[in-house]
file upload_24.csv (CSV, C-alpha atoms)
chain,number,residue,atom,x,y,z
A,61,MET,CA,95.3,82.7,97.2
A,62,PRO,CA,93.2,84.9,99.5
A,63,LEU,CA,96.2,87.1,100.4
A,64,ARG,CA,99.5,88.0,98.8
A,65,PHE,CA,102.5,89.6,100.5
A,66,ASP,CA,105.3,91.2,98.6
A,67,ILE,CA,108.5,92.6,100.2
A,68,LEU,CA,109.5,95.7,98.2
A,69,ASN,CA,112.5,97.1,100.1
A,70,THR,CA,114.6,96.2,103.1
A,71,VAL,CA,117.0,98.1,105.4
A,72,GLY,CA,118.6,95.7,107.9
A,73,ASP,CA,115.7,93.7,109.3
A,74,ALA,CA,113.1,96.5,108.5
A,75,ARG,CA,110.8,95.6,105.6
A,76,ARG,CA,108.8,97.7,103.3
A,77,GLY,CA,106.0,95.5,101.9
A,78,ARG,CA,102.5,95.3,100.5
A,79,ILE,CA,99.7,93.0,101.6
A,80,VAL,CA,97.1,92.5,98.9
A,81,THR,CA,93.6,91.7,100.2
A,82,GLY,CA,90.1,91.5,98.7
A,83,HIS,CA,89.5,95.0,99.8
A,84,GLY,CA,92.6,96.6,98.5
A,85,PRO,CA,96.3,96.8,99.3
A,86,VAL,CA,97.8,97.5,102.7
A,87,GLU,CA,101.3,99.1,102.6
A,88,THR,CA,103.6,97.8,105.4
A,89,PRO,CA,104.8,98.4,108.0
A,90,VAL,CA,101.3,99.4,109.0
A,91,PHE,CA,99.6,100.7,112.1
A,92,MET,CA,96.0,99.5,112.3
A,93,PRO,CA,93.5,101.6,114.3
A,94,VAL,CA,91.4,99.5,116.6
A,95,GLY,CA,87.7,99.4,115.8
A,96,THR,CA,86.6,97.0,118.5
A,97,GLN,CA,82.8,97.3,118.1
A,98,ALA,CA,82.8,98.2,114.4
A,99,THR,CA,83.9,101.7,115.2
A,100,VAL,CA,87.2,103.4,116.0
A,101,LYS,CA,86.2,105.3,119.1
A,102,ALA,CA,85.2,108.9,118.3
A,103,VAL,CA,86.5,108.8,114.7
A,104,PRO,CA,84.1,108.5,111.7
A,105,GLN,CA,85.1,106.3,108.8
A,106,ASP,CA,85.5,109.2,106.3
A,107,VAL,CA,88.0,110.8,108.6
A,108,LEU,CA,89.9,107.5,108.9
A,109,GLU,CA,90.1,107.4,105.1
A,110,GLU,CA,91.3,111.0,105.1
A,111,LEU,CA,94.0,110.1,107.6
A,112,GLY,CA,95.2,107.3,105.4
A,113,ALA,CA,94.1,104.3,107.5
A,114,GLN,CA,94.4,101.2,105.2
A,115,ILE,CA,93.1,98.5,107.5
A,116,ILE,CA,91.2,98.6,110.8
A,117,LEU,CA,90.4,96.0,113.5
A,118,GLY,CA,87.1,94.5,114.6
A,119,ASN,CA,86.7,92.3,117.6
A,120,ASN,CA,84.9,88.9,117.3
A,121,TYR,CA,84.1,88.7,121.0
A,122,HIS,CA,82.3,92.1,121.1
A,123,LEU,CA,80.6,91.7,117.7
A,124,TYR,CA,79.5,88.2,118.6
A,125,LEU,CA,77.7,89.4,121.7
A,126,ARG,CA,76.3,92.6,120.1
A,127,PRO,CA,74.8,92.8,117.5
A,128,GLY,CA,75.8,89.2,116.6
A,129,ALA,CA,77.9,87.9,113.7
A,130,GLU,CA,75.0,86.3,111.9
A,131,HIS,CA,73.0,89.6,112.2
A,132,ILE,CA,75.9,91.5,110.6
A,133,ALA,CA,76.3,88.8,107.9
A,134,ALA,CA,72.6,89.2,107.1
A,135,LEU,CA,73.2,92.9,106.6
A,136,GLY,CA,75.9,92.3,104.1
A,137,GLY,CA,79.0,91.7,106.3
A,138,LEU,CA,81.1,93.9,108.4
A,139,HIS,CA,82.4,96.1,105.6
A,140,ARG,CA,78.9,97.1,104.5
A,141,PHE,CA,77.6,97.3,108.0
A,142,MET,CA,80.1,99.9,109.1
A,143,SER,CA,80.5,101.4,105.6
A,144,TRP,CA,84.2,100.7,105.3
A,145,GLU,CA,85.5,99.5,101.9
A,146,ARG,CA,89.1,99.0,102.9
A,147,ALA,CA,90.6,96.0,104.6
A,148,ILE,CA,89.5,94.6,108.0
A,149,LEU,CA,91.2,92.3,110.5
A,150,THR,CA,89.2,90.6,113.2
A,151,ASP,CA,90.7,89.5,116.5
A,152,SER,CA,89.3,86.1,117.5
A,153,GLY,CA,88.3,87.2,121.0
A,154,GLY,CA,90.8,85.1,122.8
A,155,PHE,CA,92.3,88.1,124.5
A,156,GLN,CA,88.9,89.4,125.6
A,157,VAL,CA,87.8,86.0,126.9
A,158,TRP,CA,91.2,85.7,128.7
A,159,SER,CA,90.5,89.0,130.4
A,160,LEU,CA,87.3,87.6,131.9
A,161,SER,CA,89.3,85.4,134.3
A,162,GLU,CA,86.6,85.2,136.9
A,163,MET,CA,83.9,84.5,134.3
A,164,ARG,CA,85.4,81.8,132.1
A,165,LYS,CA,86.3,78.1,132.2
A,166,VAL,CA,88.9,76.7,129.8
A,167,SER,CA,88.9,73.2,128.5
A,168,GLU,CA,90.3,71.3,125.5
A,169,GLU,CA,87.1,71.9,123.6
A,170,GLY,CA,87.1,75.6,124.1
A,171,VAL,CA,86.1,78.3,126.5
A,172,GLN,CA,82.9,78.7,128.4
A,173,PHE,CA,82.4,82.3,129.5
A,174,ARG,CA,79.8,84.7,130.8
A,175,SER,CA,79.0,87.9,128.9
A,176,HIS,CA,80.4,91.0,130.6
A,177,LEU,CA,77.1,92.7,129.4
A,178,ASP,CA,74.4,90.6,131.1
A,179,GLY,CA,76.1,87.5,132.5
A,180,SER,CA,74.6,85.2,129.9
A,181,LEU,CA,76.5,82.0,129.3
A,182,HIS,CA,78.4,81.4,126.0
A,183,HIS,CA,80.9,79.0,124.5
A,184,PHE,CA,83.7,79.7,122.1
A,185,THR,CA,85.6,76.9,120.3
A,186,PRO,CA,88.3,77.2,117.7
A,187,GLU,CA,85.7,76.2,115.1
A,188,SER,CA,83.0,78.6,116.3
A,189,ALA,CA,85.4,81.6,116.7
A,190,THR,CA,86.6,80.9,113.1
A,191,ALA,CA,83.0,80.6,111.8
A,192,SER,CA,82.0,83.8,113.5
A,193,GLN,CA,84.9,85.8,111.9
A,194,ILE,CA,84.1,84.3,108.5
A,195,ALA,CA,80.4,85.4,108.9
A,196,LEU,CA,81.7,88.9,109.7
A,197,GLY,CA,83.5,88.8,106.3
A,198,ALA,CA,86.9,90.0,107.6
A,199,ASP,CA,89.9,90.0,105.2
A,200,ILE,CA,92.2,88.6,107.9
A,201,LEU,CA,91.0,86.3,110.7
A,202,MET,CA,92.9,85.4,113.8
A,203,ALA,CA,93.2,81.9,115.2
A,204,PHE,CA,91.5,81.3,118.5
A,205,ASP,CA,94.3,81.2,121.1
A,206,GLU,CA,94.7,81.2,124.9
A,207,CYS,CA,96.6,84.3,126.1
A,208,THR,CA,99.1,83.5,128.8
A,209,GLU,CA,98.9,85.7,131.8
A,210,TYR,CA,101.9,87.4,133.4
A,211,PRO,CA,103.6,86.2,135.5
A,212,ALA,CA,103.2,82.6,134.6
A,213,ASP,CA,105.6,79.8,135.5
A,214,ARG,CA,107.1,77.5,132.9
A,215,GLU,CA,104.6,74.7,133.4
A,216,ARG,CA,101.6,77.0,133.0
A,217,ALA,CA,103.2,78.8,130.0
A,218,ARG,CA,103.8,75.4,128.3
A,219,ALA,CA,100.3,74.2,128.9
A,220,SER,CA,98.9,77.4,127.5
A,221,MET,CA,101.2,77.2,124.4
A,222,GLU,CA,100.3,73.6,123.7
A,223,LEU,CA,96.6,74.4,123.8
A,224,THR,CA,97.1,77.3,121.5
A,225,VAL,CA,98.9,75.1,119.0
A,226,ARG,CA,96.2,72.5,119.1
A,227,TRP,CA,93.5,75.1,118.7
A,228,ALA,CA,95.4,76.7,115.8
A,229,GLU,CA,95.3,73.4,113.9
A,230,ARG,CA,91.5,73.1,114.5
A,231,CYS,CA,91.0,76.7,113.4
A,232,LYS,CA,92.9,76.0,110.1
A,233,LYS,CA,90.8,73.0,109.4
A,234,ALA,CA,87.6,75.0,110.0
A,235,TRP,CA,88.8,77.8,107.8
A,236,ILE,CA,89.8,75.5,104.9
A,237,ALA,CA,86.4,73.7,105.2
A,238,ALA,CA,84.6,77.0,105.0
A,239,ARG,CA,86.6,78.3,102.1
A,240,GLN,CA,85.9,75.4,99.8
A,241,PRO,CA,82.3,76.2,99.0
A,242,ARG,CA,83.1,79.9,98.9
A,243,ALA,CA,85.9,79.3,96.4
A,244,ALA,CA,83.6,77.2,94.2
A,245,ALA,CA,81.0,80.0,94.2
A,246,ALA,CA,83.6,82.6,93.5
A,247,THR,CA,84.6,80.9,90.2
A,248,HIS,CA,81.2,81.9,88.9
A,249,SER,CA,81.6,85.5,90.1
A,250,ALA,CA,83.4,88.4,88.4
A,251,ASP,CA,84.9,89.4,91.7
A,252,HIS,CA,86.8,86.3,92.8
A,253,ALA,CA,88.6,88.1,95.7
A,254,GLU,CA,85.5,89.4,97.4
A,255,GLY,CA,84.6,87.3,100.5
A,256,GLU,CA,87.9,85.4,100.7
A,257,SER,CA,89.9,85.5,103.9
A,258,ALA,CA,93.3,84.7,105.3
A,259,LEU,CA,93.9,83.1,108.7
A,260,PHE,CA,96.8,84.1,110.9
A,261,ALA,CA,98.2,81.9,113.7
A,262,ILE,CA,99.2,83.4,117.0
A,263,VAL,CA,102.5,82.6,118.8
A,264,GLN,CA,102.2,82.2,122.5
A,265,GLY,CA,104.6,80.9,125.2
A,266,GLY,CA,104.6,83.5,127.9
A,267,MET,CA,107.9,85.2,128.7
A,268,HIS,CA,109.9,82.0,127.8
A,269,SER,CA,111.9,82.5,124.6
A,270,ASP,CA,112.4,78.8,124.1
A,271,LEU,CA,108.6,78.1,124.3
A,272,ARG,CA,108.0,81.0,121.9
A,273,ARG,CA,110.5,79.4,119.5
A,274,GLU,CA,108.8,76.0,119.8
A,275,CYS,CA,105.4,77.5,119.3
A,276,ALA,CA,106.5,79.5,116.2
A,277,LEU,CA,108.2,76.5,114.6
A,278,ARG,CA,105.2,74.2,115.1
A,279,LEU,CA,102.8,76.8,113.7
A,280,VAL,CA,105.1,77.5,110.7
A,281,ASP,CA,104.9,73.8,109.9
A,282,MET,CA,101.1,74.2,109.6
A,283,ASP,CA,101.7,76.8,106.8
A,284,PHE,CA,99.4,79.7,107.7
A,285,PRO,CA,99.2,82.8,105.5
A,286,GLY,CA,100.6,85.0,108.3
A,287,TYR,CA,101.8,84.9,111.9
A,288,ALA,CA,101.1,87.1,114.9
A,289,ILE,CA,102.9,87.4,118.2
A,290,GLY,CA,100.3,87.5,121.0
A,291,GLY,CA,100.3,87.5,124.8
A,292,LEU,CA,102.3,90.7,125.3
A,293,SER,CA,101.4,94.0,127.1
A,294,VAL,CA,99.8,91.9,129.8
A,295,GLY,CA,101.8,93.4,132.6
A,296,GLU,CA,105.3,92.5,131.8
A,297,PRO,CA,108.1,95.2,131.8
A,298,ARG,CA,108.7,96.9,128.4
A,299,HIS,CA,112.2,95.6,128.1
A,300,LEU,CA,111.0,92.0,128.4
A,301,THR,CA,108.3,92.6,125.7
A,302,HIS,CA,111.1,93.8,123.4
A,303,GLU,CA,113.2,90.7,124.1
A,304,ILE,CA,110.4,88.3,123.5
A,305,VAL,CA,109.4,90.0,120.2
A,306,GLU,CA,113.0,89.9,118.9
A,307,ALA,CA,113.5,86.3,120.0
A,308,THR,CA,110.3,85.2,118.3
A,309,LEU,CA,110.7,87.1,115.0
A,310,GLU,CA,113.8,85.1,114.0
A,311,HIS,CA,111.7,81.9,113.8
A,312,LEU,CA,108.9,83.4,111.7
A,313,PRO,CA,108.9,83.1,107.9
A,314,LYS,CA,110.5,86.1,106.1
A,315,ASP,CA,108.1,85.8,103.2
A,316,LYS,CA,104.9,86.1,105.2
A,317,PRO,CA,103.4,89.0,107.2
A,318,ARG,CA,104.4,89.3,110.9
A,319,TYR,CA,101.8,90.9,113.2
A,320,LEU,CA,102.6,92.2,116.7
A,321,MET,CA,99.3,92.3,118.6
A,322,GLY,CA,98.2,95.1,121.0
A,323,VAL,CA,101.6,96.8,121.5
A,324,GLY,CA,102.8,100.2,120.7
A,325,THR,CA,103.7,103.7,121.9
A,326,PRO,CA,104.8,105.9,119.0
A,327,GLU,CA,108.4,105.2,119.8
A,328,GLU,CA,107.8,101.4,120.1
A,329,ILE,CA,106.0,101.0,116.8
A,330,VAL,CA,109.1,102.4,115.0
A,331,GLU,CA,111.4,100.2,117.0
A,332,TYR,CA,109.4,97.1,116.2
A,333,ALA,CA,109.3,98.0,112.5
A,334,ALA,CA,113.1,98.1,112.7
A,335,LEU,CA,113.0,94.5,114.0
A,336,GLY,CA,111.0,93.3,111.0
A,337,VAL,CA,107.4,93.6,112.3
A,338,ASP,CA,104.9,94.3,109.4
A,339,MET,CA,101.7,95.0,111.3
A,340,MET,CA,100.8,96.5,114.6
A,341,ASP,CA,97.7,97.6,116.5
A,342,CYS,CA,97.0,99.3,119.8
A,343,VAL,CA,94.2,101.3,121.5
A,344,HIS,CA,96.8,103.6,122.9
A,345,PRO,CA,96.3,106.6,120.5
A,346,THR,CA,92.6,106.8,121.1
A,347,ARG,CA,92.6,105.8,124.8
A,348,ALA,CA,95.4,108.3,125.5
A,349,ALA,CA,93.4,111.0,123.6
A,350,ARG,CA,90.4,110.5,125.8
A,351,HIS,CA,92.6,111.1,128.8
A,352,GLY,CA,94.1,114.3,127.3
A,353,LEU,CA,97.5,112.8,126.4
A,354,LEU,CA,98.5,113.9,122.9
A,355,PHE,CA,101.5,113.0,120.8
A,356,THR,CA,103.4,115.6,118.8
A,357,SER,CA,106.7,116.0,116.9
A,358,GLU,CA,107.9,118.1,119.9
A,359,GLY,CA,107.0,115.5,122.5
A,360,LYS,CA,104.0,114.6,124.6
A,361,VAL,CA,101.4,117.2,125.5
A,362,ASN,CA,99.1,116.7,128.5
A,363,ILE,CA,96.4,119.1,127.3
A,364,LYS,CA,94.7,119.3,130.7
A,365,GLY,CA,97.7,121.4,131.9
A,366,ALA,CA,97.0,125.0,132.9
A,367,CYS,CA,100.0,126.2,130.8
A,368,TYR,CA,97.9,125.6,127.7
A,369,ALA,CA,94.9,127.8,128.7
A,370,ALA,CA,96.1,130.8,126.7
A,371,ASP,CA,98.3,128.9,124.2
A,372,GLN,CA,97.2,130.0,120.7
A,373,ARG,CA,99.6,127.7,118.8
A,374,PRO,CA,98.5,124.7,117.0
A,375,LEU,CA,98.9,121.4,118.8
A,376,ASP,CA,101.7,120.3,116.5
A,377,PRO,CA,103.1,122.9,114.0
A,378,ASN,CA,104.6,120.0,112.0
A,379,CYS,CA,101.3,118.1,111.7
A,380,GLY,CA,99.0,118.5,108.7
A,381,CYS,CA,95.9,116.9,110.3
A,382,ARG,CA,92.6,118.8,110.3
A,383,VAL,CA,92.9,119.4,114.1
A,384,CYS,CA,96.3,121.1,113.9
A,385,ALA,CA,95.2,123.1,110.8
A,386,ARG,CA,92.3,124.6,112.6
A,387,TYR,CA,92.3,124.6,116.4
A,388,SER,CA,94.6,126.0,119.1
A,389,ARG,CA,96.0,124.3,122.2
A,390,ALA,CA,93.9,126.7,124.3
A,391,TYR,CA,90.7,125.6,122.6
A,392,LEU,CA,91.6,121.9,123.0
A,393,ARG,CA,92.3,122.4,126.7
A,394,HIS,CA,89.0,124.2,127.0
A,395,LEU,CA,87.1,121.3,125.4
A,396,PHE,CA,88.9,118.8,127.7
A,397,SER,CA,88.3,120.8,130.9
A,398,THR,CA,84.6,121.3,130.1
A,399,HIS,CA,84.2,117.6,129.3
A,400,GLU,CA,82.9,118.4,125.8
A,401,LEU,CA,82.7,115.4,123.5
A,402,LEU,CA,84.3,117.3,120.7
A,403,GLY,CA,87.5,117.4,122.7
A,404,GLN,CA,87.7,113.6,122.7
A,405,ILE,CA,86.9,113.5,119.0
A,406,LEU,CA,89.6,116.1,118.0
A,407,ASN,CA,92.2,114.5,120.3
A,408,SER,CA,91.5,111.1,118.9
A,409,ILE,CA,91.8,112.3,115.3
A,410,HIS,CA,95.1,114.0,116.0
A,411,ASN,CA,96.7,111.0,117.8
A,412,LEU,CA,95.7,108.6,115.1
A,413,ALA,CA,97.1,111.1,112.5
A,414,TYR,CA,100.4,111.1,114.4
A,415,TYR,CA,100.6,107.3,114.5
A,416,LEU,CA,99.6,106.8,110.9
A,417,ASP,CA,102.0,109.6,109.7
A,418,THR,CA,104.8,108.1,111.8
A,419,MET,CA,104.4,104.8,110.0
A,420,LYS,CA,104.1,106.5,106.6
A,421,ARG,CA,107.5,108.1,107.3
A,422,VAL,CA,108.9,104.7,108.3
A,423,ARG,CA,107.8,103.3,105.0
A,424,HIS,CA,109.2,106.2,103.1
A,425,SER,CA,112.6,106.1,104.8
A,426,ILE,CA,112.9,102.3,104.1
A,427,GLU,CA,112.1,103.0,100.4
A,428,LEU,CA,114.8,105.6,100.3
A,429,GLY,CA,117.3,103.4,102.1
A,430,GLU,CA,117.4,106.0,104.9
A,431,PHE,CA,115.7,104.1,107.7
A,432,ARG,CA,118.7,103.9,110.0
A,433,SER,CA,119.2,107.7,110.0
A,434,PHE,CA,115.5,108.2,110.5
A,435,LEU,CA,115.5,105.9,113.5
A,436,SER,CA,118.6,107.4,115.0
A,437,GLY,CA,117.1,110.9,114.5
A,438,LEU,CA,113.9,109.9,116.2
A,439,GLN,CA,115.8,108.3,119.1
A,440,SER,CA,117.9,111.5,119.5
A,441,ARG,CA,114.8,113.7,119.6
A,442,ASN,CA,113.2,111.5,122.2
A,443,SER,CA,116.3,111.6,124.4
A,444,ASN,CA,116.6,115.3,124.1
A,445,SER,CA,112.9,116.1,124.8
A,446,PRO,CA,112.5,118.8,127.5
A,447,ALA,CA,112.6,117.5,131.1
A,448,ARG,CA,109.5,119.6,131.9
A,449,ALA,CA,107.4,117.7,129.3
A,450,PRO,CA,104.3,116.2,130.9
A,451,ARG,CA,104.7,112.6,131.9
A,452,GLU,CA,102.5,110.0,130.4
A,453,ASP,CA,99.5,109.1,132.5
A,454,PRO,CA,100.4,105.7,134.1
A,455,THR,CA,96.8,104.6,134.0
A,456,ILE,CA,96.7,104.6,130.2
A,457,ALA,CA,97.9,101.1,129.2
A,458,PRO,CA,98.9,100.4,125.6
A,459,SER,CA,96.8,97.3,125.2
A,460,ARG,CA,93.6,96.1,123.5
A,461,GLU,CA,90.1,97.4,124.3

call {"tool": "encode", "arguments": {"input": "upload_24.csv", "output": "structure tokens"}}
result
Amino acid sequence: MPLRFDILNTVGDARRGRIVTGHGPVETPVFMPVGTQATVKAVPQDVLEELGAQIILGNNYHLYLRPGAEHIAALGGLHRFMSWERAILTDSGGFQVWSLSEMRKVSEEGVQFRSHLDGSLHHFTPESATASQIALGADILMAFDECTEYPADRERARASMELTVRWAERCKKAWIAARQPRAAAATHSADHAEGESALFAIVQGGMHSDLRRECALRLVDMDFPGYAIGGLSVGEPRHLTHEIVEATLEHLPKDKPRYLMGVGTPEEIVEYAALGVDMMDCVHPTRAARHGLLFTSEGKVNIKGACYAADQRPLDPNCGCRVCARYSRAYLRHLFSTHELLGQILNSIHNLAYYLDTMKRVRHSIELGEFRSFLSGLQSRNSNSPARAPREDPTIAPSRE
């Protein structure tokens, strides 16, 4: 098998597990930094390793357009190209193509779209999106889906869901066909796991829980190695996101990884882990960092505030990252106010450290059987945070790049 998933501990619905890939194990629940264009914005790969990132994301749409999946394949694959020896998951590009609403045309065959870079015409099918991800050499591939916009009426949500299911079946056939010659070649190699991949299906259905249930059950019948919940953080209220996630999870297999796509403030990733989500990604930590919004154990810090101009304290006294160990809030504010690139780099490193450390504490609390008390303590701290704490910038949306 190209991927193995073991559940090691549980507390309620929360699971402590391990995904074994050809590029090493991934301890779950896991937060995955987003490296859209073969880079996590402003953070070098050695720093990601230092922070404990186990798996990062690449994006098929962006890498297909520039520099090209075949070009990356000729250079040894995405791992070698970006000098990252740990696991990689690639998004199929369905979300990005969906975001080009004025530049795309959807049909049963696939999606015709114009590049956001130069307006050139391109065509993605389930087969070509799968082949492109295989060429990149990712450990986990995502089936090509149609993301459903919000709001969408029931008829539109059903049509989108039905198309996603049909495309998922075609993706799996293409993935199996591509794996067969690779598996034959691997039998003559000392490293059988290298180059193998796992394909995850994506559950759609808009904000209709019964359509989500139907989609999940039909995809489960196809027996994918893992399942994702997509089509969220597209404008719906947060409480509705939570309801749809909870309603969908109960229909996904308990013995396979569950991936919630493009969702997660620091509080939310813990709440979704409590529901039984194993994998999460979001651009929020790095995007917020570039806007000066930083996450700490004492609450959010909007570093652009004048109150930090003479603040010599570390950003977070309870954080062990290289930023908090060395730099003051006053210096970080200075970098931000003078538009120095170093400010964006340091802010991004800290926010990723906060997210990754949060998930590490989630895993540890599940191992010890203390997750419920950890969760209640976190919720209590959030509810008791100072009223004067800077509010989150409403323009910073926790979604995908």

call {"tool": "atom_distance", "arguments": {"input": "upload_24.csv", "atom1": "atom CA of Asp205 of chain A", "atom2": "atom CA of Tyr287 of chain A"}}
result
12.4 Å

call {"tool": "atom_distance", "arguments": {"input": "upload_24.csv", "atom1": "atom CA of Phe355 of chain A", "atom2": "atom CA of Ser388 of chain A"}}
result
14.8 Å

call {"tool": "closest_residue", "arguments": {"input": "upload_24.csv", "among": "A:Val225, A:Leu125, A:Val337, A:Val107", "to": "Gly179 of chain A", "atoms": "all atoms listed in the file"}}
result
A:Leu125

call {"tool": "closest_residue", "arguments": {"input": "upload_24.csv", "among": "A:Leu401, A:Val94, A:Leu392, A:Ile304", "to": "Met267 of chain A", "atoms": "all atoms listed in the file"}}
result
A:Ile304

call {"tool": "atom_distance", "arguments": {"input": "upload_24.csv", "atom1": "atom CA of Pro374 of chain A", "atom2": "atom CA of Ala113 of chain A"}}
result
22.9 Å

call {"tool": "residues_around", "arguments": {"input": "upload_24.csv", "residues": "Ser220 of chain A", "least_positions_apart": "2", "cutoff": "10 Å", "atoms": "only C-alpha atoms", "output": "ChimeraX atom specification"}}
result
/A:205-209,212,214-218,222-225,264-266

call {"tool": "residues_around", "arguments": {"input": "upload_24.csv", "residues": "Phe284 of chain A", "least_positions_apart": "5", "cutoff": "9 Å", "atoms": "all atoms listed in the file", "output": "JSON, numbers by chain"}}
result
{"A": [232, 258, 259, 260, 261, 279, 316]}

call {"tool": "closest_residue", "arguments": {"input": "upload_24.csv", "among": "A:His410, A:Arg382, A:Lys314, A:Arg441", "to": "Ala74 of chain A", "atoms": "all atoms listed in the file"}}
result
A:Lys314

call {"tool": "decode", "arguments": {"input": "upload_24.csv", "residues": "segment 301-314 of chain A", "atoms": "N, CA and C atoms", "output": "short mmCIF file (atom, residue, chain, number, x, y, z; two decimals), in the first residue's frame"}}
result
data_model
loop_
_atom_site.label_atom_id
_atom_site.label_comp_id
_atom_site.auth_asym_id
_atom_site.auth_seq_id
_atom_site.Cartn_x
_atom_site.Cartn_y
_atom_site.Cartn_z
N THR A 301 -20.04 26.29 8.96
CA THR A 301 -18.87 25.45 8.64
C THR A 301 -18.76 24.31 9.64
N HIS A 302 -18.86 24.65 10.92
CA HIS A 302 -18.74 23.65 11.99
C HIS A 302 -19.83 22.59 11.86
N GLU A 303 -21.05 23.02 11.59
CA GLU A 303 -22.16 22.08 11.46
C GLU A 303 -21.94 21.10 10.31
N ILE A 304 -21.47 21.61 9.17
CA ILE A 304 -21.26 20.76 8.00
C ILE A 304 -20.12 19.79 8.24
N VAL A 305 -19.05 20.26 8.87
CA VAL A 305 -17.93 19.36 9.18
C VAL A 305 -18.39 18.23 10.08
N GLU A 306 -19.10 18.56 11.14
CA GLU A 306 -19.55 17.55 12.10
C GLU A 306 -20.51 16.56 11.43
N ALA A 307 -21.42 17.07 10.59
CA ALA A 307 -22.38 16.20 9.92
C ALA A 307 -21.71 15.28 8.91
N THR A 308 -20.63 15.74 8.28
CA THR A 308 -19.94 14.93 7.27
C THR A 308 -19.04 13.88 7.89
N LEU A 309 -18.36 14.23 8.98
CA LEU A 309 -17.41 13.32 9.59
C LEU A 309 -18.03 11.98 9.98
N GLU A 310 -19.27 11.99 10.42
CA GLU A 310 -19.87 10.74 10.90
C GLU A 310 -20.06 9.73 9.78
N HIS A 311 -19.95 10.14 8.52
CA HIS A 311 -20.13 9.22 7.40
C HIS A 311 -18.81 8.82 6.74
N LEU A 312 -17.68 9.30 7.30
CA LEU A 312 -16.37 8.94 6.75
C LEU A 312 -15.77 7.79 7.56
N PRO A 313 -14.98 6.93 6.92
CA PRO A 313 -14.42 5.76 7.62
C PRO A 313 -13.55 6.17 8.80
N LYS A 314 -13.66 5.42 9.87
CA LYS A 314 -12.87 5.72 11.06
C LYS A 314 -11.42 5.24 10.92
#
